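Enquirer: One file: model16.cif (mmCIF, C-alpha atoms).
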```cif
data_upload
loop_
_atom_site.group_PDB
_atom_site.id
_atom_site.type_symbol
_atom_site.label_atom_id
_atom_site.label_comp_id
_atom_site.auth_asym_id
_atom_site.auth_seq_id
_atom_site.Cartn_x
_atom_site.Cartn_y
_atom_site.Cartn_z
ATOM 1 C CA MET M 229 -9.702 -14.172 -9.015
ATOM 2 C CA SER M 230 -6.829 -12.572 -7.083
ATOM 3 C CA ALA M 231 -7.438 -10.469 -3.971
ATOM 4 C CA ASP M 232 -5.800 -7.419 -5.557
ATOM 5 C CA PRO M 233 -7.865 -5.940 -8.406
ATOM 6 C CA ALA M 234 -6.244 -5.090 -11.713
ATOM 7 C CA VAL M 235 -5.599 -1.386 -12.262
ATOM 8 C CA PHE M 236 -5.516 0.082 -15.760
ATOM 9 C CA LEU M 237 -4.428 3.688 -16.193
ATOM 10 C CA GLY M 238 -5.938 6.163 -18.597
ATOM 11 C CA THR M 239 -7.260 9.681 -19.070
ATOM 12 C CA VAL M 240 -10.717 11.213 -19.258
ATOM 13 C CA ASP M 241 -11.431 13.706 -22.051
ATOM 14 C CA ASP M 242 -13.654 16.787 -21.805
ATOM 15 C CA GLU M 243 -16.669 14.722 -22.894
ATOM 16 C CA GLY M 244 -16.126 12.233 -20.053
ATOM 17 C CA ARG M 245 -14.841 9.421 -22.277
ATOM 18 C CA ILE M 246 -12.097 7.218 -20.852
ATOM 19 C CA ALA M 247 -9.056 6.418 -22.997
ATOM 20 C CA LEU M 248 -6.935 3.648 -21.495
ATOM 21 C CA ASP M 249 -3.163 3.999 -21.837
ATOM 22 C CA PHE M 250 -2.868 0.327 -22.824
ATOM 23 C CA PRO M 251 -6.312 -0.914 -23.916
ATOM 24 C CA GLN M 252 -4.954 -4.184 -25.314
ATOM 25 C CA GLN M 253 -3.558 -5.059 -21.885
ATOM 26 C CA GLN M 254 -6.962 -4.471 -20.280
ATOM 27 C CA ARG M 255 -8.783 -6.560 -22.903
ATOM 28 C CA ALA M 256 -6.297 -9.437 -22.628
ATOM 29 C CA TYR M 257 -6.550 -9.450 -18.834
ATOM 30 C CA CYS M 258 -10.349 -9.403 -18.887
ATOM 31 C CA LYS M 259 -10.522 -12.103 -21.565
ATOM 32 C CA ARG M 260 -8.122 -14.372 -19.634
ATOM 33 C CA LYS M 261 -9.370 -13.774 -16.073
ATOM 34 C CA LEU M 262 -12.895 -12.357 -16.133
ATOM 35 C CA ALA M 263 -14.701 -13.373 -19.324
ATOM 36 C CA GLY M 264 -18.376 -14.037 -18.662
ATOM 37 C CA GLN M 265 -18.329 -12.540 -15.141
ATOM 38 C CA CYS M 266 -19.954 -9.414 -13.731
ATOM 39 C CA VAL M 267 -17.320 -6.904 -12.588
ATOM 40 C CA ASP M 268 -17.109 -3.706 -10.560
ATOM 41 C CA VAL M 269 -15.665 -0.709 -12.390
ATOM 42 C CA ILE M 270 -14.130 1.885 -10.074
ATOM 43 C CA ILE M 271 -12.933 5.182 -11.506
ATOM 44 C CA ALA M 272 -10.739 7.373 -9.332
ATOM 45 C CA PRO M 273 -8.042 10.009 -9.817
ATOM 46 C CA GLN M 274 -4.690 8.355 -10.439
ATOM 47 C CA GLY M 275 -2.829 7.612 -7.225
ATOM 48 C CA ALA M 276 -5.955 7.880 -5.072
ATOM 49 C CA MET M 277 -6.426 4.180 -4.348
ATOM 50 C CA LYS M 278 -4.013 2.126 -2.312
ATOM 51 C CA THR M 279 -3.479 -1.420 -3.398
ATOM 52 C CA ARG M 280 -3.993 -4.517 -1.314
ATOM 53 C CA LEU M 281 -0.352 -5.314 -2.048
ATOM 54 C CA GLN M 282 0.708 -2.052 -0.383
ATOM 55 C CA GLU M 283 -1.464 -2.728 2.627
ATOM 56 C CA CYS M 284 -0.282 -6.316 3.127
ATOM 57 C CA GLY M 285 3.280 -5.464 2.124
ATOM 58 C CA PHE M 286 3.647 -2.689 4.689
ATOM 59 C CA HIS M 287 2.502 -4.886 7.562
ATOM 60 C CA ALA M 288 4.687 -7.784 6.404
ATOM 61 C CA MET M 289 7.621 -5.384 6.029
ATOM 62 C CA ILE M 290 7.454 -4.004 9.588
ATOM 63 C CA ALA M 291 6.469 -7.261 11.350
ATOM 64 C CA PRO M 292 10.047 -8.617 11.680
ATOM 65 C CA TRP M 293 11.243 -5.262 13.034
ATOM 66 C CA ALA M 294 8.466 -5.160 15.626
ATOM 67 C CA ARG M 295 9.025 -8.797 16.593
ATOM 68 C CA ASP M 296 12.819 -8.488 16.861
ATOM 69 C CA GLU M 297 12.601 -5.317 18.945
ATOM 70 C CA GLY M 298 9.778 -6.621 21.170
ATOM 71 C CA HIS M 299 7.123 -4.131 20.005
ATOM 72 C CA ARG M 300 3.523 -4.718 19.043
ATOM 73 C CA ILE M 301 3.018 -4.183 15.299
ATOM 74 C CA ASP M 302 0.202 -1.670 15.935
ATOM 75 C CA ASP M 303 2.440 0.371 18.234
ATOM 76 C CA LEU M 304 5.261 0.477 15.690
ATOM 77 C CA LYS M 305 2.780 1.360 12.936
ATOM 78 C CA ARG M 306 1.404 4.226 15.055
ATOM 79 C CA ASP M 307 4.914 5.533 15.739
ATOM 80 C CA LEU M 308 5.768 5.358 12.033
ATOM 81 C CA LEU M 309 2.570 7.199 11.080
ATOM 82 C CA ARG M 310 3.500 9.916 13.592
ATOM 83 C CA GLU M 311 7.049 10.177 12.259
ATOM 84 C CA VAL M 312 6.042 10.230 8.591
ATOM 85 C CA PHE M 313 2.852 12.320 8.607
ATOM 86 C CA GLY M 314 3.058 14.213 11.896
ATOM 87 C CA GLU M 315 0.424 15.293 14.357
ATOM 88 C CA VAL M 316 -2.278 17.945 14.588
ATOM 89 C CA GLU M 317 -3.935 19.629 17.526
ATOM 90 C CA HIS M 318 -7.311 18.280 18.540
ATOM 91 C CA LEU M 319 -9.722 20.095 20.836
ATOM 92 C CA ASN M 320 -11.539 17.565 22.993
ATOM 93 C CA PRO M 321 -15.184 18.719 22.839
ATOM 94 C CA ILE M 322 -15.941 17.100 26.187
ATOM 95 C CA THR M 323 -13.072 18.371 28.347
ATOM 96 C CA GLY M 324 -11.901 21.355 26.316
ATOM 97 C CA GLU M 325 -8.360 19.949 26.502
ATOM 98 C CA VAL M 326 -6.103 20.333 23.483
ATOM 99 C CA THR M 327 -4.213 17.161 22.610
ATOM 100 C CA MET M 328 -1.989 16.095 19.754
ATOM 101 C CA VAL M 329 -3.353 13.341 17.499
ATOM 102 C CA LEU M 330 -2.015 11.586 14.421
ATOM 103 C CA ARG M 331 -2.543 13.528 11.187
ATOM 104 C CA GLU M 332 -3.073 10.169 9.406
ATOM 105 C CA PRO M 333 -4.312 7.770 12.107
ATOM 106 C CA HIS M 334 -5.316 4.834 9.890
ATOM 107 C CA THR M 335 -3.349 3.141 7.116
ATOM 108 C CA SER M 336 -6.680 1.968 5.703
ATOM 109 C CA LYS M 337 -7.495 5.573 4.758
ATOM 110 C CA LEU M 338 -4.196 6.315 2.978
ATOM 111 C CA SER M 339 -4.124 6.942 -0.755
ATOM 112 C CA ARG M 340 -1.785 4.940 -2.949
ATOM 113 C CA ALA M 341 0.612 7.920 -3.092
ATOM 114 C CA LYS M 342 0.612 8.317 0.703
ATOM 115 C CA TYR M 343 1.089 4.579 1.181
ATOM 116 C CA HIS M 344 4.081 4.754 -1.143
ATOM 117 C CA GLU M 345 5.475 7.630 0.943
ATOM 118 C CA LEU M 346 4.890 5.661 4.154
ATOM 119 C CA ILE M 347 6.728 2.622 2.798
ATOM 120 C CA GLU M 348 9.677 4.624 1.440
ATOM 121 C CA ARG M 349 10.055 6.692 4.602
ATOM 122 C CA THR M 350 9.719 3.592 6.806
ATOM 123 C CA LEU M 351 12.632 1.996 4.968
ATOM 124 C CA ASP M 352 14.726 5.134 5.696
ATOM 125 C CA ILE M 353 13.605 5.388 9.322
ATOM 126 C CA ALA M 354 14.392 1.724 9.985
ATOM 127 C CA ALA M 355 17.825 2.094 8.399
ATOM 128 C CA GLY M 356 18.448 5.110 10.641
ATOM 129 C CA CYS M 357 17.604 2.883 13.607
ATOM 130 C CA GLY M 358 20.035 0.241 12.382
ATOM 131 C CA TYR M 359 17.378 -2.143 11.061
ATOM 132 C CA VAL M 360 17.285 -3.205 7.408
ATOM 133 C CA LEU M 361 13.786 -3.926 6.128
ATOM 134 C CA VAL M 362 12.863 -5.731 2.921
ATOM 135 C CA ALA M 363 10.651 -3.531 0.741
ATOM 136 C CA PRO M 364 7.354 -5.174 -0.316
ATOM 137 C CA ASN M 365 8.259 -5.152 -4.012
ATOM 138 C CA GLU M 366 11.669 -6.736 -3.290
ATOM 139 C CA TYR M 367 10.027 -9.434 -1.171
ATOM 140 C CA ARG M 368 7.482 -10.170 -3.921
ATOM 141 C CA LYS M 369 10.233 -10.384 -6.575
ATOM 142 C CA ALA M 370 12.274 -12.762 -4.396
ATOM 143 C CA LYS M 371 9.228 -15.004 -3.821
ATOM 144 C CA GLU M 372 8.465 -15.053 -7.571
ATOM 145 C CA ALA M 373 12.102 -15.900 -8.386
ATOM 146 C CA ALA M 374 12.091 -18.709 -5.815
ATOM 147 C CA ALA M 375 8.851 -20.084 -7.281
ATOM 148 C CA ARG M 376 10.313 -20.006 -10.822
ATOM 149 C CA LYS M 377 13.452 -21.768 -9.596
ATOM 150 C CA SER M 378 11.362 -24.397 -7.826
ATOM 151 C CA ARG M 379 9.287 -25.018 -10.971
ATOM 152 C CA LYS M 380 12.463 -25.386 -13.087
ATOM 153 C CA GLU M 381 13.966 -27.834 -10.581
ATOM 154 C CA ALA M 382 10.748 -29.845 -10.536
ATOM 155 C CA ALA M 383 10.639 -30.051 -14.346
#
```
Represent the supplied structure as structure tokens.
Expert:
Amino acid sequence: MSADPAVFLGTVDDEGRIALDFPQQQRAYCKRKLAGQCVDVIIAPQGAMKTRLQECGFHAMIAPWARDEGHRIDDLKRDLLREVFGEVEHLNPITGEVTMVLREPHTSKLSRAKYHELIERTLDIAAGCGYVLVAPNEYRKAKEAAARKSRKEAA
């Protein structure tokens, strides 16, 4: 089984019944990949769950930038989170001091929609700094094309 779970979109009616947008796709996937296995079913509002691909893709996307500029990846990630989502005031309950903290301090807590925003804005920010990043979906497509080409050459 792949690390990234399959996501099937649908709607919930007033009675709580789920109607999948493409039920045949879900059945074919389950028949091919999961038949006979126990599975977890997670139901969440659309756009609420980030994907593993987004999480891995973001880090892979910014790693060359951080490396080439001599920054730690976590430092660049923190600066991007600040630039994209901003900061909020935080009252330190121990000292009473007001400090500014990241509005979204952890990528692990971002929704799929916010992760998408982070990736898109990061591409723009990097371009503004003179650095061209490869978007996660473009990287994945290039790897798939290279794998297809390799299989054709091997055949």
Enquirer: Taking the file as I've supplied it (selection: the PyMOL selection byres ((chain M and resi 345) around 12)), which residues are included? Please answer as a ChimeraX atom specification.
Expert: /M:275,278,282,286,308-309,311-313,335,338-344,346-353
Enquirer: Pick out the residues sitting within 12 Å of Leu304 of chain M, and hand them over as a VMD selection string; count only C-alpha atoms, and ignore anything fewer than 5 positions along from it in its own chain.
Expert: chain M and resid 286 to 287 289 to 299 309 to 311 350 353 to 354
Enquirer: Report the distance between atom CA of Tyr257 of chain M and atom CA of Val235 of chain M in Å, rounded to one decimal place.
Expert: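 Between atom CA of Tyr257 of chain M and atom CA of Val235 of chain M the gap is 10.4 Å.
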Enquirer: Near segment 367-374 of chain M, counting all atoms listed in the file, which residues have an atom at most 12 Å away, once you skip same-chain residues fewer than 2 positions from it, shown as a ChimeraX atom specification?
Expert: /M:281-282,284-286,288-289,361-365,376-381
Enquirer: Could you state the separation of atom CA of Asp242 of chain M and atom CA of Asp268 of chain M in Å, given to one decimal place?
Expert: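 Separation between atom CA of Asp242 of chain M and atom CA of Asp268 of chain M: 23.6 Å.
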Enquirer: Taking all atoms listed in the file into account, which of M:Phe236, M:His334, M:Ile271, M:Arg306 comes nearest Leu248 of chain M?
Expert: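 Smallest distance to Leu248 of chain M is found for M:Phe236.
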Enquirer: Got a sec: who's within 8 Å of Phe250 of chain M, counting all atoms listed in the file, leaving out chain neighbours fewer than 4 positions off, as a list in words?
Expert: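 Close residues of Phe250 of chain M: Phe236, Leu237, Gly238 and Gln254 of chain M.
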Enquirer: Can you measure atom CA of Met328 of chain M to atom CA of Gly314 of chain M for me? One decimal in Å is fine.
Expert: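 Straight-line distance from atom CA of Met328 of chain M to atom CA of Gly314 of chain M works out to 9.5 Å.
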Enquirer: Find the residues near Glu317 of chain M: any atom within 7 Å, counting only C-alpha atoms, skip ones fewer than 3 places away on the same chain, and give them as a VMD selection string.
Expert: chain M and resid 326 to 329
